[in-house]
Amino acid sequence: MKKSLFRFTDRFELFGFYALCFGLNIMFDHSKKTEIESDLLRSFLKQLYDHQEWIMLLLSSVVAINHYQMLKRKKTEIYCRVLVGDTIFSATVRYIAECLVILGMTVAIAMIISAVADICVINNIYLSFVFLLYILISSRMVSKLENI
Amino acid sequence: MKIFKFFITRIFFRKILIVISVLLLFFLSDYIVFTTARSTVSTFQGYNEMKSINQKGNYIANLDPNNSMDLGNIQKEDTQYIYDHLKAHNLKYAIFTDGLIIDLPNNYDMSVSFAYLNEDYYKLNKQFEISQGNELVFDYSLDSDDTEIPVLIGKGLSETYPLGSEIIVNEPALQKQVTLKVRGILKSNIYHSNMYSLNSKQYYNFSIVIPVNEDFLYSSDLGLQLQSLFDIILLQTSEQEIESLGEVLQNKLDLKFNFYTQEDNFEYYKEYYFHSLKIIGVITAILIFILTCLTVWNSLAGIRIMIKEFTINLFVGLSYSKLRKIFYGYYGIVFFINLIILFIITAFSRYGNWTRKDASFSTFGLFGIIGMDWLSLCPVLLFDIMIGVIIVEIMIWRIKKVPISLGVLQ
């Protein structure tokens, strides 16, 4: 924790973006399940959840940006840590671990809400994999920041 | 121009991830605004169409949803009895029914549907406007063997069957061979909205509009007679007449019909549609608010990363007003790309109806794009301009907050 690249606001931001994406995903799934009497409302929502996967993928790009801009800001810090004896490998591992903890917490909350509301969790699982991919790709950035 | 090109190629495009993310978020917002605008425009088009039918003194029939339907027991004599009852009581009625499909050769290889309407419906609903030829007439006779029925045809059929041409078909409602004479050609993209789902409509570019007179109705099969009763509109009549008709329908067909007055219908539309539109408005507002906040955050994240480049340029003489213009130009390009993508997606979905040979939804226009789509792109453009101004001003405010010396040092 002491050597973490994350500050409180960074953790909060990342958690907020994960929560937002999962929240919208759950809302989409919930609205699919809900019996809507109004044709107009139903056809409007259908136009959205017909493209749910794409909408979520586009929205998840903010998480990718969050990783990118955070690491860009931290490049001097990473460089300095390496200067005082830290290794780039352990910095990367710490970064991945911390991202996974935040993601894991959000996924757990999303799963609990889905289970309580009796909503299919498959879209949440897909979304988790997308975020996992972002974490792994962004972790490559940490090693690239060794030399500035 | 040179400095603008420099900023775009050397600063913005160097942070391609930020550019793509802003583009995608804006696109998502544009898509939601477009979907909402199109649903609203379509609903109002349907509402305006219904307003012409839903006049004072008119009663619109609707089969009771709780009615257990057993249409197998209904005979033609039963439906004929209803029409005789209407005639005996001097009740004027408007009927419109469509959906019967026939195979008729045409340039687009589409299946052709028949739409049937009587004179009162034609006068009541002025939806079937013509671009060539003359208005429909209803005073033909079916007595002779070489019956010739004057019809209106959709624009898609006009190349194969020009004005005045004769089409010999096996008429599905009359179940005999008749000659249809093309009297008029409908304007392109003539539509009819579903009375109970105002936003859903079908287009009559590949339809033949057949005038139904008493002769035709009485000679037609059970299907057309019964289908016409389902949405029959009783014109300028009284509550007592409607009650008596309801009883006849119940006794003869064992079907319970509800008849709605102008007030009932307007109340229904107000309660049902305006309420739904309000919910759609709220959902859109929430989604747009979230997306706008994310886009602002994204743009500010971009500023945080590119602050060095901006401040160096400010340091060497770039003014804030010029920087503001560069930002407006940059977002102008982003919005233009988004509008093009939105246009392509809409055109693709409209053009899909042509490739699927879906005659009821195939429309004429640039790649099938119709007035409703163009109209819905206008709010998107307005929204983009509004959001663009907000974001650019926030970005300039953020840059101004960073002292130039500090920014350069970063």
# chains A, B, ... in the order shown; residues from 1 in each chain; ligands from 1
$ residues_around --residues "Met27 (chain A)" --least-positions-apart "2" --cutoff "12 Å" --atoms "only C-alpha atoms" --output "ChimeraX atom specification"
/A:19-25,29-34,45,48-49,52,56,110,113-114,117,119-121,123-124 /B:283,287
$ residues_around --residues "Ser43 (chain A)" --least-positions-apart "6" --cutoff "9 Å" --atoms "only C-alpha atoms" --output "PyMOL selection string"
chain B and resi 39+199-200
$ closest_atom_pairs --of "chain A" --to "chain B" --cutoff "10 Å" --atoms "only C-alpha atoms" --output "Markdown table"
| residue | atom | partner | partner_atom | distance |
| --- | --- | --- | --- | --- |
| A:Phe17 | CA | B:Leu294 | CA | 9.2 |
| A:Leu20 | CA | B:Ile290 | CA | 9.0 |
| A:Leu24 | CA | B:Leu287 | CA | 9.3 |
| A:Glu37 | CA | B:Tyr272 | CA | 9.5 |
| A:Ser38 | CA | B:Ser276 | CA | 6.8 |
| A:Asp39 | CA | B:Ser197 | CA | 6.2 |
| A:Leu40 | CA | B:Asn199 | CA | 6.5 |
| A:Leu41 | CA | B:Ser276 | CA | 5.8 |
| A:Arg42 | CA | B:Ser276 | CA | 9.4 |
| A:Ser43 | CA | B:Ser39 | CA | 8.5 |
| A:Phe44 | CA | B:Ser39 | CA | 6.8 |
| A:Leu45 | CA | B:Ile280 | CA | 8.6 |
| A:Gln47 | CA | B:Thr35 | CA | 7.4 |
| A:Leu48 | CA | B:Ile32 | CA | 7.9 |
| A:Trp54 | CA | B:Leu28 | CA | 9.5 |
| A:Ile55 | CA | B:Leu28 | CA | 7.0 |
| A:Met56 | CA | B:Leu28 | CA | 9.8 |
| A:Leu57 | CA | B:Leu24 | CA | 9.6 |
| A:Leu58 | CA | B:Leu24 | CA | 5.9 |
| A:Leu59 | CA | B:Leu25 | CA | 6.7 |
| A:Ser60 | CA | B:Ser21 | CA | 9.3 |
| A:Ser61 | CA | B:Ser21 | CA | 5.9 |
| A:Val62 | CA | B:Ser21 | CA | 6.8 |
| A:Val63 | CA | B:Ser21 | CA | 9.8 |
| A:Ala64 | CA | B:Leu17 | CA | 8.5 |
| A:Ile65 | CA | B:Ile18 | CA | 6.6 |
| A:Asn66 | CA | B:Ala301 | CA | 8.1 |
| A:Tyr68 | CA | B:Leu17 | CA | 8.3 |
| A:Gln69 | CA | B:Ala301 | CA | 6.4 |
| A:Met70 | CA | B:Ala301 | CA | 8.9 |
| A:Lys72 | CA | B:Ile305 | CA | 7.0 |
| A:Arg73 | CA | B:Ile305 | CA | 7.3 |
$ write_last_selection --atoms "N, CA, C and O atoms" --output "compact mmCIF listing (two decimals), in the first residue's frame"
# COMPACT_ATOMS: atom_id res chain seq x y z
N PHE A 17 -15.72 4.78 -12.11
CA PHE A 17 -15.95 4.43 -13.52
C PHE A 17 -16.41 2.98 -13.67
O PHE A 17 -17.30 2.68 -14.46
N LEU A 20 -19.98 2.87 -12.54
CA LEU A 20 -20.88 3.48 -13.53
C LEU A 20 -21.17 2.50 -14.68
O LEU A 20 -22.33 2.32 -15.07
N LEU A 24 -24.85 0.85 -15.31
CA LEU A 24 -25.62 1.00 -16.54
C LEU A 24 -25.94 -0.36 -17.17
O LEU A 24 -27.04 -0.58 -17.68
N GLU A 37 -45.50 -1.81 -20.55
CA GLU A 37 -46.77 -1.80 -21.29
C GLU A 37 -46.71 -0.90 -22.51
O GLU A 37 -47.30 -1.20 -23.54
N SER A 38 -46.03 0.23 -22.37
CA SER A 38 -46.03 1.22 -23.44
C SER A 38 -45.18 0.75 -24.63
O SER A 38 -43.99 0.47 -24.49
N ASP A 39 -45.84 0.69 -25.81
CA ASP A 39 -45.13 0.29 -27.04
C ASP A 39 -44.00 1.26 -27.35
O ASP A 39 -42.92 0.88 -27.77
N LEU A 40 -44.34 2.53 -27.16
CA LEU A 40 -43.40 3.60 -27.50
C LEU A 40 -42.12 3.46 -26.67
O LEU A 40 -41.01 3.48 -27.20
N LEU A 41 -42.32 3.29 -25.35
CA LEU A 41 -41.19 3.17 -24.44
C LEU A 41 -40.40 1.88 -24.75
O LEU A 41 -39.17 1.88 -24.75
N ARG A 42 -41.16 0.82 -25.03
CA ARG A 42 -40.52 -0.47 -25.31
C ARG A 42 -39.67 -0.37 -26.58
O ARG A 42 -38.53 -0.83 -26.61
N SER A 43 -40.24 0.26 -27.63
CA SER A 43 -39.47 0.32 -28.89
C SER A 43 -38.27 1.26 -28.73
O SER A 43 -37.23 1.03 -29.34
N PHE A 44 -38.42 2.30 -27.90
CA PHE A 44 -37.27 3.20 -27.66
C PHE A 44 -36.15 2.45 -26.95
O PHE A 44 -34.99 2.50 -27.37
N LEU A 45 -36.54 1.73 -25.87
CA LEU A 45 -35.52 1.01 -25.11
C LEU A 45 -34.90 -0.11 -25.94
O LEU A 45 -33.71 -0.40 -25.82
N GLN A 47 -34.22 -0.03 -29.04
CA GLN A 47 -33.17 0.53 -29.89
C GLN A 47 -31.87 0.68 -29.12
O GLN A 47 -30.80 0.69 -29.70
N LEU A 48 -31.99 0.82 -27.78
CA LEU A 48 -30.78 0.94 -26.97
C LEU A 48 -30.22 -0.44 -26.63
O LEU A 48 -29.05 -0.72 -26.83
N TRP A 54 -22.35 -2.87 -27.74
CA TRP A 54 -21.57 -1.78 -28.32
C TRP A 54 -21.57 -0.56 -27.42
O TRP A 54 -20.54 0.09 -27.23
N ILE A 55 -22.75 -0.26 -26.86
CA ILE A 55 -22.85 0.92 -25.97
C ILE A 55 -21.91 0.74 -24.78
O ILE A 55 -21.16 1.65 -24.42
N MET A 56 -21.92 -0.47 -24.20
CA MET A 56 -21.08 -0.71 -23.03
C MET A 56 -19.60 -0.65 -23.39
O MET A 56 -18.77 -0.14 -22.63
N LEU A 57 -19.29 -1.17 -24.58
CA LEU A 57 -17.89 -1.15 -25.03
C LEU A 57 -17.41 0.29 -25.23
O LEU A 57 -16.30 0.65 -24.82
N LEU A 58 -18.27 1.12 -25.83
CA LEU A 58 -17.90 2.52 -26.05
C LEU A 58 -17.74 3.23 -24.70
O LEU A 58 -16.81 4.00 -24.49
N LEU A 59 -18.69 2.93 -23.80
CA LEU A 59 -18.64 3.59 -22.50
C LEU A 59 -17.42 3.15 -21.69
O LEU A 59 -16.82 3.94 -20.95
N SER A 60 -17.04 1.89 -21.89
CA SER A 60 -15.90 1.38 -21.11
C SER A 60 -14.59 2.06 -21.53
O SER A 60 -13.58 1.94 -20.83
N SER A 61 -14.63 2.77 -22.66
CA SER A 61 -13.39 3.44 -23.11
C SER A 61 -12.93 4.48 -22.08
O SER A 61 -11.74 4.78 -22.02
N VAL A 62 -13.87 4.99 -21.26
CA VAL A 62 -13.43 5.96 -20.24
C VAL A 62 -12.51 5.31 -19.21
O VAL A 62 -11.64 5.97 -18.65
N VAL A 63 -12.72 4.00 -18.99
CA VAL A 63 -11.85 3.30 -18.04
C VAL A 63 -10.44 3.20 -18.64
O VAL A 63 -9.44 3.41 -17.94
N ALA A 64 -10.40 2.90 -19.95
CA ALA A 64 -9.10 2.83 -20.64
C ALA A 64 -8.38 4.17 -20.53
O ALA A 64 -7.17 4.23 -20.25
N ILE A 65 -9.13 5.26 -20.73
CA ILE A 65 -8.55 6.61 -20.64
C ILE A 65 -8.06 6.87 -19.22
O ILE A 65 -7.02 7.49 -19.00
N ASN A 66 -8.84 6.38 -18.24
CA ASN A 66 -8.46 6.59 -16.85
C ASN A 66 -7.09 5.95 -16.56
O ASN A 66 -6.22 6.57 -15.96
N TYR A 68 -4.82 5.21 -18.75
CA TYR A 68 -3.82 5.88 -19.59
C TYR A 68 -3.36 7.20 -18.98
O TYR A 68 -2.17 7.43 -18.80
N GLN A 69 -4.34 8.02 -18.61
CA GLN A 69 -3.97 9.35 -18.09
C GLN A 69 -3.33 9.25 -16.71
O GLN A 69 -2.41 10.01 -16.39
N MET A 70 -3.73 8.25 -15.92
CA MET A 70 -3.12 8.11 -14.59
C MET A 70 -1.64 7.73 -14.72
O MET A 70 -0.78 8.31 -14.08
N LYS A 72 0.25 8.18 -17.28
CA LYS A 72 1.00 9.29 -17.89
C LYS A 72 1.45 10.28 -16.81
O LYS A 72 2.54 10.81 -16.84
N ARG A 73 0.53 10.52 -15.86
CA ARG A 73 0.84 11.47 -14.78
C ARG A 73 1.88 10.91 -13.82
O ARG A 73 2.57 11.65 -13.15
$ atom_distance --atom1 "CA of Gln225 (chain B)" --atom2 "CA of Asp98 (chain B)"
11.9 Å
$ residues_around --residues "Thr363 (chain B)" --least-positions-apart "3" --cutoff "8 Å" --atoms "only C-alpha atoms" --output "CSV table (one decimal) with N, CA and C atoms, in the first residue's frame"
chain,number,residue,atom,x,y,z
B,188,SER,N,-44.0,9.8,-52.8
B,188,SER,CA,-43.1,8.8,-52.2
B,188,SER,C,-43.2,8.8,-50.7
B,189,ASN,N,-42.9,7.7,-50.1
B,189,ASN,CA,-42.9,7.5,-48.7
B,189,ASN,C,-44.2,7.8,-47.9
B,203,TYR,N,-44.9,1.9,-44.8
B,203,TYR,CA,-44.9,2.8,-46.0
B,203,TYR,C,-45.5,2.1,-47.2
B,205,ASN,N,-44.9,2.5,-50.5
B,205,ASN,CA,-44.2,2.6,-51.8
B,205,ASN,C,-44.5,1.4,-52.7
B,350,ARG,N,-31.8,1.7,-43.1
B,350,ARG,CA,-32.9,2.0,-44.1
B,350,ARG,C,-32.6,1.1,-45.4
B,368,GLY,N,-32.3,5.8,-48.9
B,368,GLY,CA,-33.5,5.4,-48.2
B,368,GLY,C,-33.8,6.3,-47.0
B,369,ILE,N,-32.9,7.3,-46.8
B,369,ILE,CA,-33.1,8.2,-45.6
B,369,ILE,C,-34.3,9.1,-45.9
B,370,ILE,N,-35.2,9.2,-45.0
B,370,ILE,CA,-36.4,10.0,-45.2
B,370,ILE,C,-36.5,11.3,-44.3
$ residues_around --residues "region 87-99 of chain A" --least-positions-apart "3" --cutoff "9 Å" --atoms "only C-alpha atoms" --output "tab-separated table (two decimals) with N, CA, C and O atoms, in the first residue's frame"
chain	number	residue	atom	x	y	z
A	1	MET	N	0.82	-1.21	0.00
A	1	MET	CA	0.00	0.00	0.00
A	1	MET	C	0.86	1.26	0.00
A	1	MET	O	0.56	2.23	-0.68
A	3	LYS	N	3.79	1.64	-1.16
A	3	LYS	CA	4.50	1.87	-2.42
A	3	LYS	C	3.53	2.02	-3.60
A	3	LYS	O	3.97	2.06	-4.75
A	4	SER	N	2.27	2.07	-3.29
A	4	SER	CA	1.26	2.09	-4.37
A	4	SER	C	1.36	3.35	-5.23
A	4	SER	O	1.69	4.43	-4.75
A	5	LEU	N	1.04	3.16	-6.52
A	5	LEU	CA	1.01	4.31	-7.45
A	5	LEU	C	-0.30	5.10	-7.29
A	5	LEU	O	-0.42	6.23	-7.72
A	6	PHE	N	-1.27	4.45	-6.68
A	6	PHE	CA	-2.60	5.06	-6.55
A	6	PHE	C	-2.69	5.97	-5.33
A	6	PHE	O	-2.21	5.63	-4.26
A	11	ARG	N	-7.97	5.93	-6.81
A	11	ARG	CA	-8.76	4.73	-6.50
A	11	ARG	C	-10.24	5.03	-6.63
A	11	ARG	O	-11.01	4.26	-7.21
A	14	LEU	N	-11.28	5.40	-10.34
A	14	LEU	CA	-11.35	4.11	-11.03
A	14	LEU	C	-12.58	3.32	-10.57
A	14	LEU	O	-13.32	2.76	-11.39
A	78	ILE	N	7.25	6.86	-11.20
A	78	ILE	CA	7.78	5.52	-11.49
A	78	ILE	C	9.30	5.59	-11.69
A	78	ILE	O	10.06	4.79	-11.15
A	79	TYR	N	9.70	6.60	-12.46
A	79	TYR	CA	11.13	6.78	-12.74
A	79	TYR	C	11.93	6.95	-11.44
A	79	TYR	O	12.97	6.32	-11.23
A	81	ARG	N	11.03	6.04	-8.41
A	81	ARG	CA	11.00	4.81	-7.62
A	81	ARG	C	12.08	3.84	-8.09
A	81	ARG	O	12.73	3.18	-7.28
A	82	VAL	N	12.23	3.75	-9.40
A	82	VAL	CA	13.26	2.86	-9.95
A	82	VAL	C	14.64	3.36	-9.53
A	82	VAL	O	15.52	2.58	-9.16
A	83	LEU	N	14.81	4.69	-9.52
A	83	LEU	CA	16.10	5.29	-9.10
A	83	LEU	C	16.46	4.93	-7.67
A	83	LEU	O	17.63	4.72	-7.36
A	102	ILE	N	-9.67	-3.40	-6.95
A	102	ILE	CA	-10.78	-2.44	-7.18
A	102	ILE	C	-11.82	-3.06	-8.12
A	102	ILE	O	-13.02	-2.99	-7.86
A	103	LEU	N	-11.34	-3.72	-9.18
A	103	LEU	CA	-12.27	-4.36	-10.12
A	103	LEU	C	-13.05	-5.47	-9.42
A	103	LEU	O	-14.27	-5.58	-9.57
A	104	GLY	N	-12.33	-6.28	-8.64
A	104	GLY	CA	-12.97	-7.38	-7.92
A	104	GLY	C	-14.08	-6.90	-7.00
A	104	GLY	O	-15.17	-7.48	-6.95
A	132	LEU	N	-10.49	-6.33	-17.47
A	132	LEU	CA	-9.28	-7.09	-17.20
A	132	LEU	C	-8.26	-6.87	-18.32
A	132	LEU	O	-7.06	-6.67	-18.08
A	135	ILE	N	-6.65	-3.57	-17.98
A	135	ILE	CA	-5.64	-3.57	-16.91
A	135	ILE	C	-4.33	-4.16	-17.44
A	135	ILE	O	-3.25	-3.60	-17.25
A	136	LEU	N	-4.46	-5.29	-18.15
A	136	LEU	CA	-3.25	-5.96	-18.67
A	136	LEU	C	-2.54	-5.09	-19.71
A	136	LEU	O	-1.32	-4.99	-19.69
A	138	SER	N	-2.73	-1.79	-19.97
A	138	SER	CA	-2.16	-0.60	-19.34
A	138	SER	C	-0.93	-0.96	-18.50
A	138	SER	O	-0.03	-0.13	-18.33
A	139	SER	N	-0.87	-2.20	-17.99
A	139	SER	CA	0.30	-2.59	-17.19
A	139	SER	C	1.57	-2.59	-18.04
A	139	SER	O	2.67	-2.40	-17.53
A	140	ARG	N	1.40	-2.81	-19.36
A	140	ARG	CA	2.54	-2.75	-20.27
A	140	ARG	C	3.13	-1.33	-20.29
A	140	ARG	O	4.32	-1.16	-20.51
A	141	MET	N	2.23	-0.36	-20.04
A	141	MET	CA	2.67	1.04	-20.05
A	141	MET	C	3.65	1.32	-18.92
A	141	MET	O	4.55	2.15	-19.04
A	142	VAL	N	3.40	0.62	-17.77
A	142	VAL	CA	4.24	0.86	-16.59
A	142	VAL	C	5.70	0.57	-16.93
A	142	VAL	O	6.60	1.36	-16.64
A	143	SER	N	5.92	-0.60	-17.60
A	143	SER	CA	7.29	-0.96	-17.94
A	143	SER	C	7.89	0.00	-18.97
A	143	SER	O	9.10	0.24	-18.95
A	145	LEU	N	7.42	3.09	-19.03
A	145	LEU	CA	7.71	4.38	-18.40
A	145	LEU	C	9.03	4.38	-17.62
A	145	LEU	O	9.36	5.34	-16.94
A	146	GLU	N	9.73	3.26	-17.70
A	146	GLU	CA	10.98	3.15	-16.96
A	146	GLU	C	11.98	4.22	-17.40
A	146	GLU	O	12.69	4.82	-16.60
$ select_by_dssp --residues "region 1-147 of chain A" --states "helix (DSSP H, G or I)" --output "NGL selection string"
:A and (8-33 or 39-49 or 52-59 or 61-73 or 75-83 or 88-116 or 122-144)
$ residues_around --residues "region 391-396 of chain B" --least-positions-apart "4" --cutoff "7 Å" --atoms "only C-alpha atoms" --output "mmCIF file with C-alpha atoms, in the first residue's frame"
data_model
loop_
_atom_site.group_PDB
_atom_site.id
_atom_site.type_symbol
_atom_site.label_atom_id
_atom_site.label_comp_id
_atom_site.auth_asym_id
_atom_site.auth_seq_id
_atom_site.Cartn_x
_atom_site.Cartn_y
_atom_site.Cartn_z
ATOM 1 C CA VAL B 296 -15.906 16.726 -19.961
ATOM 2 C CA LEU B 300 -9.936 17.572 -19.017
ATOM 3 C CA ARG B 324 -10.181 28.721 -28.357
ATOM 4 C CA PHE B 327 -10.480 23.871 -29.978
ATOM 5 C CA TYR B 328 -13.711 24.838 -31.762
ATOM 6 C CA ILE B 387 -21.970 20.578 -25.794
ATOM 7 C CA LYS B 400 -6.016 29.551 -17.957
#
$ atom_distance --atom1 "CA of Lys256 (chain B)" --atom2 "CA of Phe114 (chain B)"
27.5 Å
$ residues_around --residues "Ile153 (chain B)" --least-positions-apart "3" --cutoff "12 Å" --atoms "only C-alpha atoms" --output "MDAnalysis selection string"
chainID B and resid 106 112:116 128:136 150 156:167 180:190 203:211
$ select_by_dssp --residues "region 180-228 of chain B" --states "strand (DSSP E or B)" --output "CSV table (one decimal) with C-alpha atoms, in the first residue's frame"
chain,number,residue,atom,x,y,z
B,180,LEU,CA,-56.9,-2.6,-61.8
B,181,LYS,CA,-56.5,0.6,-63.6
B,182,VAL,CA,-53.8,3.0,-62.3
B,183,ARG,CA,-55.6,6.3,-61.7
B,184,GLY,CA,-53.0,7.9,-59.6
B,185,ILE,CA,-49.5,7.5,-58.2
B,186,LEU,CA,-48.9,8.1,-54.5
B,191,TYR,CA,-47.1,6.1,-44.5
B,192,HIS,CA,-49.9,5.0,-42.2
B,193,SER,CA,-49.4,4.9,-38.5
B,194,ASN,CA,-50.7,2.2,-36.3
B,197,SER,CA,-48.8,2.4,-31.6
B,198,LEU,CA,-48.4,5.8,-33.0
B,199,ASN,CA,-44.6,5.6,-33.5
B,200,SER,CA,-44.8,2.5,-35.7
B,201,LYS,CA,-45.8,3.0,-39.3
B,202,GLN,CA,-45.6,1.3,-42.6
B,203,TYR,CA,-44.9,2.8,-46.0
B,207,SER,CA,-48.8,-0.9,-52.3
B,208,ILE,CA,-52.0,-0.7,-54.3
B,209,VAL,CA,-54.7,1.3,-52.7
B,210,ILE,CA,-58.1,-0.2,-53.6
B,211,PRO,CA,-61.2,1.9,-53.2
B,212,VAL,CA,-63.9,-0.1,-51.4
$ closest_atom_pairs --of "region 60-120 of chain B" --to "region 230-250 of chain B" --cutoff "9 Å" --atoms "only C-alpha atoms" --output "CSV"
residue,atom,partner,partner_atom,distance
B:Ile60,CA,B:Ile233,CA,4.5
B:Ala61,CA,B:Asp231,CA,5.3
B:Asn62,CA,B:Asp231,CA,6.0
B:Leu63,CA,B:Phe230,CA,6.2
B:Asp78,CA,B:Leu249,CA,9.0
B:Thr79,CA,B:Leu249,CA,8.7
B:Tyr81,CA,B:Val248,CA,8.9
B:Ile82,CA,B:Leu249,CA,6.9
B:His85,CA,B:Leu245,CA,7.9
B:Leu86,CA,B:Leu245,CA,7.9
B:His89,CA,B:Glu241,CA,8.1
B:Leu91,CA,B:Leu234,CA,7.1
B:Lys92,CA,B:Leu235,CA,5.4
B:Tyr93,CA,B:Leu234,CA,4.5
B:Ala94,CA,B:Ile233,CA,5.0
B:Ile95,CA,B:Ile232,CA,5.2
B:Phe96,CA,B:Asp231,CA,7.5
B:Thr97,CA,B:Asp231,CA,8.1
B:Asp120,CA,B:Leu235,CA,8.6
$ atom_distance --atom1 "CA of Pro65 (chain B)" --atom2 "CA of Leu224 (chain B)"
20.7 Å
